[in-house]
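The structure under discussion appears below in the form of structure tokens.
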Number of protein chains: 2
Amino acid sequence: MSRKIALIDYYYLTEERQRRIRETAARGGFEVVYFKSLDASRGHLEDFEIVFGAMGRRTIREAVSCRWFCAGRVGINTICDESLYADPSVILTNSPGVHSVSIAEHLIMCALMLLRKQYVYAEPMRRGEWDLEQRKIGSLLGSRITVLGTGSIGTAFADRARAFRPAVITGIRRDPSRLNPSFDRIAGIDELNSILPETDILVMCLPETDESVGVLSAERIALLPAQAFVMNIGRGSAVDQDALVTALQEGRLAGAALDVMTPEPLPADHPLRKMDNVILTPHIAGIPNLDYTNDMIVNEFCEDLARYIDGRPLKYTIDRSRRY
Amino acid sequence: MSRKIALIDYYYLTEERQRRIRETAARGGFEVVYFKSLDASRGHLEDFEIVFGAMGRRTIREAVSCRWFCAGRVGINTICDESLYADPSVILTNSPGVHSVSIAEHLIMCALMLLRKQYVYAEPMRRGEWDLEQRKIGSLLGSRITVLGTGSIGTAFADRARAFRPAVITGIRRDPSRLNPSFDRIAGIDELNSILPETDILVMCLPETDESVGVLSAERIALLPAQAFVMNIGRGSAVDQDALVTALQEGRLAGAALDVMTPEPLPADHPLRKMDNVILTPHIAGIPNLDYTNDMIVNEFCEDLARYIDGRPLKYTIDRSRRY
């Protein structure tokens with residue numbers, strides 16, 4: 001029986017990208033089978049050694065012979081339960097760097113839309129008005145930016161924000177001794193409470209882990225100054241969302257840009273839906289709708305596939321107990 | 001009779017900024033008179049040697065003793081008629097660099113909103129939907145950017161766009177022999193037609209001059225590829241607006257961001273008002289609603305005022321025959 005790789009599409013596996021995977025797979029004698037969606041793969045996964053692409057908890061359970069699952073995305077917190085896997089040696093990898101360009105551009109766009117009060121102009125211009133009332137707006141120039149999570153996304157954001165000449169970009173990470181030249185300074189999570197009062201823009205780029213859940217608590221929201229904006233592209237669970245809503249309603253925060261919320265989809269009548277100074281997007285900041293992102297997902301999988309064929313350790317392996 | 005300076009406010013001359021002007025003026029023995037608006041100054045300007053701030057054609061005509069008009073803004077095309085002035089030696093200056101930060105941030109914001117199809121998400125999220133339909137979006141990464149006008153605004157934009165790793169940033173200027181390190185290459189206006197077919201984002205930062213009127217003609221719009229975006233923050237007259245509308249309606253352009261139009265205000269029922277892929281703003285990209293901008297306007301005036309007092313040439317003098 002030949003060794004088999006399942007490709008489960010999430011709309012981005014073009015012929016050309018499939019061809020690149022097949023070329024790498026052929027070196028290891030693998031047969032490649034393409035499924036056009038998660039639904040199409042259902043009930044067909046039991047004899048695959050490698051599964052790449054779209055996957056959920058059922059995918060992991062069904063692919064009983066699989067030795068390596070490669071999720072073609074960053075967030076894997078929902079598929080980290082060890083009980084889903086046939087044994088602990090089954091490898092799970094993700095594609096950690098692929099969304100960083102798209103998400104960094106999303107973050108810069110949202111920061112400028114909030115600072116410049118773009119929401120004030122959009123609808124009146126559609127309605128036929130010409131509103132020249134003067135409003136004080138803000139700028140990235142001279143702003144104090146704090147980034148929670150200094151991985152590839154936080155770093156790509158900082159590299160772009162730098163060009164706008166902020167006063168300071170602080171990166172917050174678990175291990176502050178690891179340097180990252182994209183930030184003016186790196187601080188540990190234990191220093192966060194002293195940095196929040198001096199933050200104009202708080203950017204949250206954290207995966208969902210035991211430590212990240214609720215990290216932006218009501219107490220920490222209260223430490224931010226009234227002109228501050230909160231942007232979250234990691235996981236909704238990192239924010240005390242009710243406390244955020246209250247702070248926005250009471251004018252203790254200037255605005256927010258949320259690509260992730262709790263729950264998703266957000267209820268249709270949720271108060272965040274109606275706030276002018278809140279930019280909501282349906283968890284799309286990093287979704288692979290950019291050619292660059294899709295190419296990177298396939299490139300990183302092909303890199304790891306070549307390592308797998310050669311018996312070398314994979315580059316993007318997840319520690320399921322830590323969920324990243 | 002003492003020498004007098006009139007300050008005509010356009011909402012930004014705070015006590016602190018007035019104080020800085022008065023300090024510089026005192027060195028030359030000038031009396032400073034503050035008018036809270038253009039209307040408040042009407043009929044009171046005949047014995048002022050210097051007029052700073054808000055001004056229109058009537059201001060110039062009324063201030064018959066004035067030797068130096070300093071418009072606290074960039075665009076001065078409406079007050080360049082030589083017939084408005086008592087004699088050709090009367091100086092007109094503007095504040096050329098002051099809006100560049102605000103406008104550059106506006107341009108980056110608009111480019112990202114267009115590339116990422118932000119308009120697709122905004123309204124559905126307000127209405128309570130959660131639209132996960134996949135759409136192909138674009139990125140500044142790898143994009144080909146062409147900037148018409150390489151003055152302080154075009155340069156500030158290029159400096160920020162650079163951080164997003166575009167394929168190339170081309171600056172178009174009258175005199176291509178003048179280098180500008182913010183651009184990958186500088187080309188003359190005579191090369192524009194060969195550059196437009198290889199442009200993804202066209203940024204127009206031109207003052208209104210005889211040469212800039214109609215520079216983006218119907219023929220040139222037709223040279224742009226279908227995925228191209230046009231952004232204009234200079235003057236509406238630089239674009240054949242009807243041809244732009246037709247190209248957008250026919251899908252020959254991907255979108256536009258217009259802070260300037262013809263006429264302004266744009267008629268309430270103008271087709272541009274209703275296009276999803278057009279971002280309209282009411283000529284506010286550079287309006288001094290940013291503290292930084294307001295400080296710069298006052299700083300540049302104080303610099304020139306010190307030069308005036310010392311009998312040195314002013315830095316920001318306009319050639320009225322060329323209108324810039």
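Naming works like this for the structure tokens: A, B, ... for the chains as they're shown, residue 1 at the start of each chain, ligands 1 onward in shown order.
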
Practice task
Output as an MDAnalysis selection string all residues of region 90-255 of chain A that backbone DSSP marks as alpha helix (DSSP H).
Solution key: chainID A and resid 100:115 118:127 152:161 192:195 218:223 241:249

Practice task
Write out as a list in words each polymer residue whose atoms come within 10 Å of Ser100 (chain B), counting only C-alpha atoms; drop sequence neighbours fewer than 5 positions from it.
Solution key: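 So, after excluding close chain neighbours, the residues are Val74, Glu105, His106, Gly151, Ser152, Ile153, Gly154, Thr155, Ala156, Phe157, Ala285, Gly286 and Thr293 of chain B.
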
Kindly assemble as JSON lines a list of the chain B residues that lie within 6 Å of chain A, each paired with its nearest atom pair and their distance in Å to one decimal, using only C-alpha atoms, sorted first by chain and then by ascending residue number.
{"residue": "B:Met109", "atom": "CA", "partner": "A:Met109", "partner_atom": "CA", "distance": 5.1}
{"residue": "B:Leu112", "atom": "CA", "partner": "A:Met109", "partner_atom": "CA", "distance": 5.8}
{"residue": "B:Arg126", "atom": "CA", "partner": "A:Arg273", "partner_atom": "CA", "distance": 5.0}
{"residue": "B:Gly128", "atom": "CA", "partner": "A:Ala268", "partner_atom": "CA", "distance": 3.8}
{"residue": "B:Trp130", "atom": "CA", "partner": "A:Pro282", "partner_atom": "CA", "distance": 5.9}
{"residue": "B:Lys136", "atom": "CA", "partner": "A:Asn289", "partner_atom": "CA", "distance": 4.8}
{"residue": "B:Ile137", "atom": "CA", "partner": "A:Leu290", "partner_atom": "CA", "distance": 5.4}
{"residue": "B:Arg160", "atom": "CA", "partner": "A:Ala163", "partner_atom": "CA", "distance": 5.0}
{"residue": "B:Ala163", "atom": "CA", "partner": "A:Arg160", "partner_atom": "CA", "distance": 5.1}
{"residue": "B:Pro265", "atom": "CA", "partner": "A:Trp130", "partner_atom": "CA", "distance": 6.0}
{"residue": "B:Ala268", "atom": "CA", "partner": "A:Gly128", "partner_atom": "CA", "distance": 3.8}
{"residue": "B:Arg273", "atom": "CA", "partner": "A:Arg126", "partner_atom": "CA", "distance": 5.0}
{"residue": "B:Lys274", "atom": "CA", "partner": "A:Arg126", "partner_atom": "CA", "distance": 5.9}
{"residue": "B:Pro282", "atom": "CA", "partner": "A:Trp130", "partner_atom": "CA", "distance": 5.9}
{"residue": "B:Asn289", "atom": "CA", "partner": "A:Lys136", "partner_atom": "CA", "distance": 4.8}
{"residue": "B:Leu290", "atom": "CA", "partner": "A:Ile137", "partner_atom": "CA", "distance": 5.4}

Quick one: write out the picked residues with C-alpha atoms as an mmCIF file, in the first residue's frame?
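To be explicit, this is the file written out as out_12.cif:
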data_model
loop_
_atom_site.group_PDB
_atom_site.id
_atom_site.type_symbol
_atom_site.label_atom_id
_atom_site.label_comp_id
_atom_site.auth_asym_id
_atom_site.auth_seq_id
_atom_site.Cartn_x
_atom_site.Cartn_y
_atom_site.Cartn_z
ATOM 1 C CA MET B 109 -5.129 54.184 5.263
ATOM 2 C CA LEU B 112 -5.124 49.492 2.659
ATOM 3 C CA ARG B 126 -23.062 46.767 11.595
ATOM 4 C CA GLY B 128 -25.513 41.975 12.498
ATOM 5 C CA TRP B 130 -21.017 37.503 9.895
ATOM 6 C CA LYS B 136 -9.316 37.794 -2.908
ATOM 7 C CA ILE B 137 -7.675 40.856 -1.433
ATOM 8 C CA ARG B 160 5.737 55.097 4.947
ATOM 9 C CA ALA B 163 7.899 49.705 5.143
ATOM 10 C CA PRO B 265 -18.760 70.080 -2.399
ATOM 11 C CA ALA B 268 -25.255 64.995 -3.385
ATOM 12 C CA ARG B 273 -21.131 59.036 -3.840
ATOM 13 C CA LYS B 274 -22.620 55.569 -4.259
ATOM 14 C CA PRO B 282 -14.475 66.132 2.085
ATOM 15 C CA ASN B 289 -6.847 68.853 12.730
ATOM 16 C CA LEU B 290 -3.742 67.203 14.024
#

Using backbone DSSP assignments, extract all strand (DSSP E or B) residues from region 88-260 of chain B; output them as a PDB file with C-alpha atoms, in the first residue's frame.
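Below is the file part.pdb, written as the result:
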ATOM      1  CA  ILE B  91       5.347  88.382  -0.677  1.00  0.00           C
ATOM      2  CA  LEU B  92       3.062  85.334  -0.497  1.00  0.00           C
ATOM      3  CA  THR B  93       4.234  82.305   1.465  1.00  0.00           C
ATOM      4  CA  ARG B 144       3.880  48.859  -7.903  1.00  0.00           C
ATOM      5  CA  ILE B 145       3.297  52.379  -6.641  1.00  0.00           C
ATOM      6  CA  THR B 146       3.531  55.521  -8.766  1.00  0.00           C
ATOM      7  CA  VAL B 147       3.482  58.922  -7.088  1.00  0.00           C
ATOM      8  CA  LEU B 148       2.709  61.995  -9.164  1.00  0.00           C
ATOM      9  CA  VAL B 168       8.743  49.610  -6.665  1.00  0.00           C
ATOM     10  CA  ILE B 169       7.912  53.212  -5.809  1.00  0.00           C
ATOM     11  CA  THR B 170       8.283  55.512  -8.798  1.00  0.00           C
ATOM     12  CA  GLY B 171       8.157  59.277  -8.355  1.00  0.00           C
ATOM     13  CA  ILE B 172       7.035  61.431 -11.283  1.00  0.00           C
ATOM     14  CA  ARG B 173       8.186  65.026 -11.342  1.00  0.00           C
ATOM     15  CA  ARG B 185      13.329  55.834  -9.308  1.00  0.00           C
ATOM     16  CA  ILE B 186      12.348  59.302 -10.465  1.00  0.00           C
ATOM     17  CA  ALA B 187      10.857  59.771 -13.914  1.00  0.00           C
ATOM     18  CA  GLY B 188       9.711  62.797 -15.869  1.00  0.00           C
ATOM     19  CA  ILE B 201      -1.523  52.268  -7.059  1.00  0.00           C
ATOM     20  CA  LEU B 202      -1.420  55.764  -8.525  1.00  0.00           C
ATOM     21  CA  VAL B 203      -1.065  58.521  -5.943  1.00  0.00           C
ATOM     22  CA  MET B 204      -1.675  62.100  -7.071  1.00  0.00           C
ATOM     23  CA  LEU B 216      -4.885  62.237 -15.515  1.00  0.00           C
ATOM     24  CA  PHE B 229      -6.383  52.156  -7.649  1.00  0.00           C
ATOM     25  CA  VAL B 230      -6.260  55.944  -8.089  1.00  0.00           C
ATOM     26  CA  MET B 231      -5.814  58.173  -5.035  1.00  0.00           C
ATOM     27  CA  ASN B 232      -5.943  61.970  -5.284  1.00  0.00           C
ATOM     28  CA  VAL B 239      -8.308  64.256 -12.973  1.00  0.00           C
ATOM     29  CA  GLY B 255     -11.240  51.667  -7.012  1.00  0.00           C
ATOM     30  CA  ALA B 256     -10.378  55.187  -5.991  1.00  0.00           C
ATOM     31  CA  ALA B 257      -9.814  57.329  -2.913  1.00  0.00           C
ATOM     32  CA  LEU B 258     -10.608  60.980  -3.541  1.00  0.00           C
TER      33      LEU B 258
END

Handout entry: Long-range neighbours of region 304-321 of chain B as a PyMOL selection string, 10 Å cut-off, only C-alpha atoms, 5 positions minimum in chain
Key = chain B and resi 21+24-30+50+68-70+76-77+79-82+88+91-97+209+298-299

Write out, as a short mmCIF file (atom, residue, chain, number, x, y, z; two decimals), in the first residue's frame, the residues just selected, with C-alpha atoms.
data_model
loop_
_atom_site.label_atom_id
_atom_site.label_comp_id
_atom_site.auth_asym_id
_atom_site.auth_seq_id
_atom_site.Cartn_x
_atom_site.Cartn_y
_atom_site.Cartn_z
CA ILE B 21 4.00 84.09 17.58
CA THR B 24 8.87 86.16 17.88
CA ALA B 25 6.97 89.29 16.76
CA ALA B 26 8.13 91.24 19.80
CA ARG B 27 11.73 90.90 18.61
CA GLY B 28 10.79 93.06 15.61
CA GLY B 29 8.65 95.48 17.58
CA PHE B 30 5.47 94.21 15.98
CA ILE B 50 1.88 91.08 7.78
CA TRP B 68 3.73 89.71 3.41
CA PHE B 69 0.81 87.28 3.35
CA CYS B 70 1.45 83.89 4.98
CA ILE B 76 -2.79 78.73 -2.53
CA ASN B 77 -3.91 78.44 -6.17
CA ILE B 79 -4.92 83.59 -4.29
CA CYS B 80 -2.17 83.71 -6.91
CA ASP B 81 -3.73 86.26 -9.32
CA GLU B 82 -1.21 89.06 -9.51
CA PRO B 88 4.61 92.48 -7.37
CA ILE B 91 5.35 88.38 -0.68
CA LEU B 92 3.06 85.33 -0.50
CA THR B 93 4.23 82.31 1.47
CA ASN B 94 2.55 79.06 2.36
CA SER B 95 3.23 76.19 4.78
CA PRO B 96 4.31 73.48 2.40
CA GLY B 97 5.47 70.68 4.69
CA THR B 209 -0.98 74.55 -11.91
CA VAL B 298 3.04 78.10 13.60
CA ASN B 299 6.67 76.95 13.71
#

Handout entry: Neighbour list for Ala226 (chain A) as a ChimeraX atom specification, cut-off 7 Å, only C-alpha atoms, skip fewer than 6 positions in-chain
Key = /A:251-254

Those selected residues, please, written with N, CA and C atoms and delivered as a PDB file, in the first residue's frame.
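Printed below is part.pdb as written:
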ATOM      1  N   GLY A 251     -16.737  56.159  27.666  1.00  0.00           N
ATOM      2  CA  GLY A 251     -15.732  57.089  27.166  1.00  0.00           C
ATOM      3  C   GLY A 251     -14.381  56.939  27.838  1.00  0.00           C
ATOM      4  N   ARG A 252     -14.124  55.808  28.482  1.00  0.00           N
ATOM      5  CA  ARG A 252     -12.816  55.590  29.108  1.00  0.00           C
ATOM      6  C   ARG A 252     -11.810  54.983  28.150  1.00  0.00           C
ATOM      7  N   LEU A 253     -12.257  54.722  26.925  1.00  0.00           N
ATOM      8  CA  LEU A 253     -11.386  54.271  25.839  1.00  0.00           C
ATOM      9  C   LEU A 253     -11.863  54.990  24.572  1.00  0.00           C
ATOM     10  N   ALA A 254     -10.923  55.255  23.633  1.00  0.00           N
ATOM     11  CA  ALA A 254     -11.291  56.020  22.444  1.00  0.00           C
ATOM     12  C   ALA A 254     -11.857  55.159  21.328  1.00  0.00           C
TER      13      ALA A 254
END

Problem - Distance of CA of Asp295 (chain A) from CA of Arg17 (chain A), expressed in Å to one decimal place - result: 7.4 Å

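Atom pair CA of Asp200 (chain A) / CA of Gln18 (chain B) has a distance of 28.0 Å (rounded to one decimal).
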
Practice task
Would you mind reading off the distance between CA of Leu38 (chain A) and CA of Thr59 (chain A), one decimal, in Å?
Solution key: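 Separation of CA of Leu38 (chain A) and CA of Thr59 (chain A): 8.0 Å.
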